Amino acid sequence: MIWELWQSGQTRQALPETCKPLTAIQGYQAQAQLPMVSGRAVVGWKIAATSSNGQAHINVSSPLAGRLLSGQVFESGAAVPSKGNRMRVAEPEFAFTMGQDLTPKTEPYSVAEVMAAVATLHPAIEVPDSRLEPFTEAGEAQLLADNACARHFVLGPAAPEGWQNTDLSQHEVHSQVMQGESLRYIRKGSGAWVLGDPRMALTWLANQLSSLGITLQKGHVVTTGTCMVPLELEPGETAHADFGVLGQVNMHFSD
């Protein structure tokens, strides 16, 4: 049902009682069926609600993990379709690609262990959406079944070597939204928005997947959650995020 809603662009207020997940575990179990149902491969993971503001907005008390599926990921500069997207926001994010598997284990992974498994860091933009309306009242279990509001994702180029020495918690990101050649507004944020540090968010995901018996695989990309108030976008506008020495990423929200 969720995949059909995704394809048709329609929404529901809630899933039917006969298949409505009631717990986070049930939500994750439903989400795990999406690759099979859609015929798409898992290419990575997204984290939603990595700030207190984000959690309050969707009425949850912790972050949510969702799968990035093949066909969802674009390169910087791409035209990302706006059709059917009701949220209409772009979220500048720190994303990591994994250089090693992190397999499930009994003890939690440390930040150092997780970062040792990372290959590259990327500036990125997530363009989320939900099949539930209003998504702010859907609750944790249904939002997880809805793939934690995953929709589209734009991956920028890898940051130059040496990024490991950057304090990501204090690293500022500057964004702007353009309407043609006209600047509509600017906004800024930092890594502190992302569970205090994007590296902490990545570690949270590794441990969340471990608790679910899932391996965070080599080659997968993880986008760690918005590092600022999401950028409101209208069709035809362009979003640009400047991560300073770490690089830049942009996208056009196509009509």
# chains A, B, ... in the order shown; residues from 1 in each chain; ligands from 1

call {"tool": "residues_around", "arguments": {"residues": "Arg187 (chain A)", "least_positions_apart": "4", "cutoff": "7 Å", "atoms": "only C-alpha atoms", "output": "PyMOL selection string"}}
result
chain A and resi 174-176

call {"tool": "write_last_selection", "arguments": {"atoms": "N, CA, C and O atoms", "output": "PDB file, in the first residue's frame"}}
result
ATOM      1  N   HIS A 174      26.116  27.180   4.779  1.00  0.00           N
ATOM      2  CA  HIS A 174      25.351  28.337   4.308  1.00  0.00           C
ATOM      3  C   HIS A 174      24.555  27.937   3.065  1.00  0.00           C
ATOM      4  O   HIS A 174      25.107  27.344   2.138  1.00  0.00           O
ATOM      5  N   SER A 175      23.280  28.241   3.069  1.00  0.00           N
ATOM      6  CA  SER A 175      22.406  27.845   1.965  1.00  0.00           C
ATOM      7  C   SER A 175      21.680  29.041   1.384  1.00  0.00           C
ATOM      8  O   SER A 175      21.472  30.057   2.061  1.00  0.00           O
ATOM      9  N   GLN A 176      21.295  28.892   0.133  1.00  0.00           N
ATOM     10  CA  GLN A 176      20.458  29.909  -0.497  1.00  0.00           C
ATOM     11  C   GLN A 176      19.488  29.240  -1.461  1.00  0.00           C
ATOM     12  O   GLN A 176      19.772  28.176  -2.001  1.00  0.00           O
TER      13      GLN A 176
END

call {"tool": "select_by_dssp", "arguments": {"residues": "region 27-247 of chain A", "states": "alpha helix (DSSP H)", "output": "PyMOL selection string"}}
result
chain A and resi 27-31+34-38+52-58+111-116+140-145+198-211

call {"tool": "closest_residue", "arguments": {"among": "A:Ala158, A:Val111, A:Leu64, A:Val249", "to": "Ile47 (chain A)", "atoms": "only C-alpha atoms"}}
result
A:Leu64

call {"tool": "closest_atom_pairs", "arguments": {"of": "region 191-255 of chain A", "to": "region 65-86 of chain A", "cutoff": "6 Å", "atoms": "only C-alpha atoms", "output": "CSV"}}
result
residue,atom,partner,partner_atom,distance
A:Pro235,CA,A:Ser82,CA,6.0
A:Val249,CA,A:Ser76,CA,5.3
A:Asn250,CA,A:Gly77,CA,5.2
A:Met251,CA,A:Gly77,CA,4.7
A:His252,CA,A:Ala79,CA,4.6
A:Phe253,CA,A:Val80,CA,5.1
A:Ser254,CA,A:Pro81,CA,5.1

call {"tool": "write_last_selection", "arguments": {"atoms": "all heavy atoms", "output": "PDB file, in the first residue's frame"}}
result
ATOM      1  N   PRO A 235       8.300  24.682  -6.949  1.00  0.00           N
ATOM      2  CA  PRO A 235       8.753  24.144  -8.236  1.00  0.00           C
ATOM      3  C   PRO A 235       9.411  25.234  -9.088  1.00  0.00           C
ATOM      4  O   PRO A 235       8.928  26.358  -9.159  1.00  0.00           O
ATOM      5  CB  PRO A 235       7.456  23.637  -8.875  1.00  0.00           C
ATOM      6  CG  PRO A 235       6.594  23.277  -7.707  1.00  0.00           C
ATOM      7  CD  PRO A 235       6.896  24.309  -6.663  1.00  0.00           C
ATOM      8  N   VAL A 249      26.939  21.638  -2.821  1.00  0.00           N
ATOM      9  CA  VAL A 249      25.964  20.783  -3.481  1.00  0.00           C
ATOM     10  C   VAL A 249      24.765  21.627  -3.852  1.00  0.00           C
ATOM     11  O   VAL A 249      24.410  22.573  -3.141  1.00  0.00           O
ATOM     12  CB  VAL A 249      25.562  19.594  -2.563  1.00  0.00           C
ATOM     13  CG1 VAL A 249      24.921  20.088  -1.256  1.00  0.00           C
ATOM     14  CG2 VAL A 249      24.639  18.615  -3.277  1.00  0.00           C
ATOM     15  N   ASN A 250      24.142  21.339  -4.994  1.00  0.00           N
ATOM     16  CA  ASN A 250      22.950  22.085  -5.399  1.00  0.00           C
ATOM     17  C   ASN A 250      22.004  21.206  -6.179  1.00  0.00           C
ATOM     18  O   ASN A 250      22.370  20.118  -6.661  1.00  0.00           O
ATOM     19  CB  ASN A 250      23.326  23.345  -6.178  1.00  0.00           C
ATOM     20  CG  ASN A 250      24.029  23.027  -7.489  1.00  0.00           C
ATOM     21  OD1 ASN A 250      23.395  22.696  -8.470  1.00  0.00           O
ATOM     22  ND2 ASN A 250      25.369  23.098  -7.480  1.00  0.00           N
ATOM     23  N   MET A 251      20.768  21.658  -6.277  1.00  0.00           N
ATOM     24  CA  MET A 251      19.730  20.919  -6.989  1.00  0.00           C
ATOM     25  C   MET A 251      18.669  21.880  -7.506  1.00  0.00           C
ATOM     26  O   MET A 251      18.477  22.970  -6.948  1.00  0.00           O
ATOM     27  CB  MET A 251      19.064  19.907  -6.068  1.00  0.00           C
ATOM     28  CG  MET A 251      18.518  20.525  -4.790  1.00  0.00           C
ATOM     29  SD  MET A 251      17.109  19.669  -4.059  1.00  0.00           S
ATOM     30  CE  MET A 251      15.789  20.120  -5.187  1.00  0.00           C
ATOM     31  N   HIS A 252      18.009  21.477  -8.575  1.00  0.00           N
ATOM     32  CA  HIS A 252      16.887  22.248  -9.117  1.00  0.00           C
ATOM     33  C   HIS A 252      15.608  21.463  -8.876  1.00  0.00           C
ATOM     34  O   HIS A 252      15.523  20.270  -9.188  1.00  0.00           O
ATOM     35  CB  HIS A 252      17.094  22.474 -10.614  1.00  0.00           C
ATOM     36  CG  HIS A 252      15.994  23.255 -11.267  1.00  0.00           C
ATOM     37  ND1 HIS A 252      15.791  24.599 -11.005  1.00  0.00           N
ATOM     38  CD2 HIS A 252      15.022  22.879 -12.142  1.00  0.00           C
ATOM     39  CE1 HIS A 252      14.748  25.020 -11.705  1.00  0.00           C
ATOM     40  NE2 HIS A 252      14.271  23.995 -12.389  1.00  0.00           N
ATOM     41  N   PHE A 253      14.623  22.119  -8.286  1.00  0.00           N
ATOM     42  CA  PHE A 253      13.341  21.483  -7.994  1.00  0.00           C
ATOM     43  C   PHE A 253      12.469  21.662  -9.228  1.00  0.00           C
ATOM     44  O   PHE A 253      11.833  22.715  -9.419  1.00  0.00           O
ATOM     45  CB  PHE A 253      12.715  22.172  -6.758  1.00  0.00           C
ATOM     46  CG  PHE A 253      11.722  21.327  -6.010  1.00  0.00           C
ATOM     47  CD1 PHE A 253      11.904  19.971  -5.820  1.00  0.00           C
ATOM     48  CD2 PHE A 253      10.598  21.917  -5.439  1.00  0.00           C
ATOM     49  CE1 PHE A 253      10.997  19.198  -5.098  1.00  0.00           C
ATOM     50  CE2 PHE A 253       9.691  21.170  -4.714  1.00  0.00           C
ATOM     51  CZ  PHE A 253       9.879  19.807  -4.547  1.00  0.00           C
ATOM     52  N   SER A 254      12.456  20.666 -10.099  1.00  0.00           N
ATOM     53  CA  SER A 254      11.875  20.847 -11.427  1.00  0.00           C
ATOM     54  C   SER A 254      10.349  20.904 -11.384  1.00  0.00           C
ATOM     55  O   SER A 254       9.713  20.320 -10.504  1.00  0.00           O
ATOM     56  CB  SER A 254      12.311  19.706 -12.343  1.00  0.00           C
ATOM     57  OG  SER A 254      11.825  18.461 -11.867  1.00  0.00           O
TER      58      SER A 254
END

call {"tool": "select_by_dssp", "arguments": {"residues": "region 33-89 of chain A", "states": "strand (DSSP E)", "output": "PDB file with N, CA, C and O atoms, in the first residue's frame"}}
result
ATOM      1  N   VAL A  42      18.648  -1.432  -1.904  1.00  0.00           N
ATOM      2  CA  VAL A  42      19.025  -0.483  -0.852  1.00  0.00           C
ATOM      3  C   VAL A  42      20.426   0.022  -1.158  1.00  0.00           C
ATOM      4  O   VAL A  42      21.373  -0.765  -1.263  1.00  0.00           O
ATOM      5  N   VAL A  43      20.570   1.335  -1.317  1.00  0.00           N
ATOM      6  CA  VAL A  43      21.881   1.922  -1.615  1.00  0.00           C
ATOM      7  C   VAL A  43      22.417   2.706  -0.414  1.00  0.00           C
ATOM      8  O   VAL A  43      23.545   3.201  -0.453  1.00  0.00           O
ATOM      9  N   GLY A  44      21.633   2.811   0.625  1.00  0.00           N
ATOM     10  CA  GLY A  44      22.080   3.515   1.818  1.00  0.00           C
ATOM     11  C   GLY A  44      20.934   3.784   2.772  1.00  0.00           C
ATOM     12  O   GLY A  44      19.862   3.171   2.670  1.00  0.00           O
ATOM     13  N   TRP A  45      21.186   4.749   3.674  1.00  0.00           N
ATOM     14  CA  TRP A  45      20.241   5.037   4.751  1.00  0.00           C
ATOM     15  C   TRP A  45      20.129   6.534   4.985  1.00  0.00           C
ATOM     16  O   TRP A  45      21.065   7.290   4.742  1.00  0.00           O
ATOM     17  N   LYS A  46      18.975   6.948   5.450  1.00  0.00           N
ATOM     18  CA  LYS A  46      18.754   8.328   5.881  1.00  0.00           C
ATOM     19  C   LYS A  46      18.357   8.314   7.354  1.00  0.00           C
ATOM     20  O   LYS A  46      17.819   7.316   7.851  1.00  0.00           O
ATOM     21  N   ILE A  47      18.645   9.415   8.014  1.00  0.00           N
ATOM     22  CA  ILE A  47      18.202   9.568   9.396  1.00  0.00           C
ATOM     23  C   ILE A  47      17.296  10.789   9.465  1.00  0.00           C
ATOM     24  O   ILE A  47      17.678  11.882   9.019  1.00  0.00           O
ATOM     25  N   ALA A  48      16.119  10.600  10.000  1.00  0.00           N
ATOM     26  CA  ALA A  48      15.175  11.703  10.199  1.00  0.00           C
ATOM     27  C   ALA A  48      15.170  12.099  11.668  1.00  0.00           C
ATOM     28  O   ALA A  48      15.500  11.302  12.550  1.00  0.00           O
ATOM     29  N   LEU A  64      14.794   8.579  13.494  1.00  0.00           N
ATOM     30  CA  LEU A  64      14.197   7.478  12.738  1.00  0.00           C
ATOM     31  C   LEU A  64      15.116   7.145  11.565  1.00  0.00           C
ATOM     32  O   LEU A  64      15.629   8.049  10.907  1.00  0.00           O
ATOM     33  N   ALA A  65      15.299   5.865  11.281  1.00  0.00           N
ATOM     34  CA  ALA A  65      16.121   5.432  10.160  1.00  0.00           C
ATOM     35  C   ALA A  65      15.239   5.004   8.996  1.00  0.00           C
ATOM     36  O   ALA A  65      14.197   4.374   9.189  1.00  0.00           O
ATOM     37  N   GLY A  66      15.662   5.362   7.790  1.00  0.00           N
ATOM     38  CA  GLY A  66      14.951   4.949   6.587  1.00  0.00           C
ATOM     39  C   GLY A  66      15.927   4.501   5.516  1.00  0.00           C
ATOM     40  O   GLY A  66      17.104   4.851   5.544  1.00  0.00           O
ATOM     41  N   ARG A  67      15.448   3.717   4.583  1.00  0.00           N
ATOM     42  CA  ARG A  67      16.289   3.194   3.507  1.00  0.00           C
ATOM     43  C   ARG A  67      16.311   4.139   2.302  1.00  0.00           C
ATOM     44  O   ARG A  67      15.261   4.646   1.894  1.00  0.00           O
ATOM     45  N   LEU A  68      17.497   4.345   1.735  1.00  0.00           N
ATOM     46  CA  LEU A  68      17.622   5.014   0.447  1.00  0.00           C
ATOM     47  C   LEU A  68      17.590   3.924  -0.625  1.00  0.00           C
ATOM     48  O   LEU A  68      18.398   2.990  -0.592  1.00  0.00           O
ATOM     49  N   LEU A  69      16.660   4.033  -1.551  1.00  0.00           N
ATOM     50  CA  LEU A  69      16.486   3.018  -2.583  1.00  0.00           C
ATOM     51  C   LEU A  69      17.042   3.498  -3.919  1.00  0.00           C
ATOM     52  O   LEU A  69      17.067   4.699  -4.205  1.00  0.00           O
ATOM     53  N   VAL A  73      18.434   8.473  -5.806  1.00  0.00           N
ATOM     54  CA  VAL A  73      19.653   9.248  -5.576  1.00  0.00           C
ATOM     55  C   VAL A  73      20.088   9.975  -6.843  1.00  0.00           C
ATOM     56  O   VAL A  73      20.165   9.379  -7.927  1.00  0.00           O
ATOM     57  N   PHE A  74      20.389  11.274  -6.701  1.00  0.00           N
ATOM     58  CA  PHE A  74      20.814  12.122  -7.807  1.00  0.00           C
ATOM     59  C   PHE A  74      22.199  12.689  -7.519  1.00  0.00           C
ATOM     60  O   PHE A  74      22.617  12.777  -6.366  1.00  0.00           O
ATOM     61  N   GLU A  75      22.890  13.124  -8.566  1.00  0.00           N
ATOM     62  CA  GLU A  75      24.155  13.829  -8.402  1.00  0.00           C
ATOM     63  C   GLU A  75      23.892  15.320  -8.249  1.00  0.00           C
ATOM     64  O   GLU A  75      22.848  15.836  -8.654  1.00  0.00           O
ATOM     65  N   ALA A  79      18.167  17.872 -11.690  1.00  0.00           N
ATOM     66  CA  ALA A  79      16.777  18.302 -11.568  1.00  0.00           C
ATOM     67  C   ALA A  79      16.029  17.222 -10.788  1.00  0.00           C
ATOM     68  O   ALA A  79      15.954  16.075 -11.231  1.00  0.00           O
ATOM     69  N   VAL A  80      15.509  17.590  -9.631  1.00  0.00           N
ATOM     70  CA  VAL A  80      14.771  16.658  -8.770  1.00  0.00           C
ATOM     71  C   VAL A  80      13.281  16.932  -8.955  1.00  0.00           C
ATOM     72  O   VAL A  80      12.836  18.070  -8.790  1.00  0.00           O
ATOM     73  N   PRO A  81      12.496  15.928  -9.320  1.00  0.00           N
ATOM     74  CA  PRO A  81      11.082  16.183  -9.612  1.00  0.00           C
ATOM     75  C   PRO A  81      10.291  16.664  -8.400  1.00  0.00           C
ATOM     76  O   PRO A  81      10.428  16.116  -7.304  1.00  0.00           O
ATOM     77  N   VAL A  89      10.482  20.728   0.662  1.00  0.00           N
ATOM     78  CA  VAL A  89      11.639  21.283   1.363  1.00  0.00           C
ATOM     79  C   VAL A  89      12.902  20.557   0.899  1.00  0.00           C
ATOM     80  O   VAL A  89      12.854  19.418   0.441  1.00  0.00           O
TER      81      VAL A  89
END

call {"tool": "closest_atom_pairs", "arguments": {"of": "region 130-223 of chain A", "to": "region 243-248 of chain A", "cutoff": "8 Å", "atoms": "only C-alpha atoms", "output": "tab-separated table"}}
result
residue	atom	partner	partner_atom	distance
A:Gly156	CA	A:Gln248	CA	6.7
A:Pro157	CA	A:Gly247	CA	7.2
A:Ala158	CA	A:Gly247	CA	7.7
A:Ala159	CA	A:Leu246	CA	4.7
A:Pro160	CA	A:Leu246	CA	6.5
A:Trp163	CA	A:Leu246	CA	6.9
A:His171	CA	A:Phe243	CA	7.9
A:Glu172	CA	A:Phe243	CA	6.8
A:Val173	CA	A:Phe243	CA	4.8
A:His174	CA	A:Phe243	CA	6.7

call {"tool": "write_last_selection", "arguments": {"atoms": "N, CA, C and O atoms", "output": "JSON list (two decimals), in the first residue's frame"}}
result
[["chain", "number", "residue", "atom", "x", "y", "z"],
["A", 156, "GLY", "N", 26.49, 15.18, -3.12],
["A", 156, "GLY", "CA", 27.54, 16.02, -3.67],
["A", 156, "GLY", "C", 28.87, 15.28, -3.76],
["A", 156, "GLY", "O", 28.99, 14.13, -3.32],
["A", 157, "PRO", "N", 29.89, 15.92, -4.31],
["A", 157, "PRO", "CA", 31.20, 15.28, -4.45],
["A", 157, "PRO", "C", 31.86, 15.04, -3.09],
["A", 157, "PRO", "O", 31.57, 15.74, -2.12],
["A", 158, "ALA", "N", 32.75, 14.07, -3.04],
["A", 158, "ALA", "CA", 33.45, 13.75, -1.80],
["A", 158, "ALA", "C", 34.28, 14.95, -1.34],
["A", 158, "ALA", "O", 34.90, 15.65, -2.15],
["A", 159, "ALA", "N", 34.29, 15.18, -0.04],
["A", 159, "ALA", "CA", 35.11, 16.25, 0.54],
["A", 159, "ALA", "C", 36.59, 15.93, 0.34],
["A", 159, "ALA", "O", 36.98, 14.76, 0.29],
["A", 160, "PRO", "N", 37.44, 16.96, 0.24],
["A", 160, "PRO", "CA", 38.88, 16.71, 0.08],
["A", 160, "PRO", "C", 39.44, 15.94, 1.28],
["A", 160, "PRO", "O", 38.91, 16.01, 2.39],
["A", 163, "TRP", "N", 39.38, 15.93, 5.76],
["A", 163, "TRP", "CA", 38.12, 16.31, 6.41],
["A", 163, "TRP", "C", 37.99, 15.68, 7.79],
["A", 163, "TRP", "O", 37.28, 16.21, 8.66],
["A", 171, "HIS", "N", 31.04, 22.99, 12.40],
["A", 171, "HIS", "CA", 31.21, 23.39, 11.00],
["A", 171, "HIS", "C", 29.93, 24.03, 10.47],
["A", 171, "HIS", "O", 28.85, 23.44, 10.51],
["A", 172, "GLU", "N", 30.05, 25.25, 9.95],
["A", 172, "GLU", "CA", 28.88, 25.99, 9.46],
["A", 172, "GLU", "C", 28.56, 25.63, 8.00],
["A", 172, "GLU", "O", 29.46, 25.32, 7.22],
["A", 173, "VAL", "N", 27.28, 25.67, 7.70],
["A", 173, "VAL", "CA", 26.79, 25.44, 6.34],
["A", 173, "VAL", "C", 25.90, 26.62, 5.97],
["A", 173, "VAL", "O", 25.03, 27.02, 6.76],
["A", 174, "HIS", "N", 26.12, 27.18, 4.78],
["A", 174, "HIS", "CA", 25.35, 28.34, 4.31],
["A", 174, "HIS", "C", 24.56, 27.94, 3.07],
["A", 174, "HIS", "O", 25.11, 27.34, 2.14]]

call {"tool": "residues_around", "arguments": {"residues": "Asp197 (chain A)", "least_positions_apart": "5", "cutoff": "6 Å", "atoms": "only C-alpha atoms", "output": "PyMOL selection string"}}
result
chain A and resi 169+191-192

call {"tool": "write_last_selection", "arguments": {"atoms": "N, CA and C atoms", "output": "PDB file, in the first residue's frame"}}
result
ATOM      1  N   SER A 169      30.915  19.239  14.396  1.00  0.00           N
ATOM      2  CA  SER A 169      29.884  19.798  15.275  1.00  0.00           C
ATOM      3  C   SER A 169      29.828  21.320  15.168  1.00  0.00           C
ATOM      4  N   GLY A 191      26.799  21.571  11.996  1.00  0.00           N
ATOM      5  CA  GLY A 191      26.731  20.168  12.378  1.00  0.00           C
ATOM      6  C   GLY A 191      26.132  19.929  13.748  1.00  0.00           C
ATOM      7  N   ALA A 192      26.100  20.965  14.582  1.00  0.00           N
ATOM      8  CA  ALA A 192      25.529  20.815  15.923  1.00  0.00           C
ATOM      9  C   ALA A 192      24.040  20.463  15.874  1.00  0.00           C
TER      10      ALA A 192
END
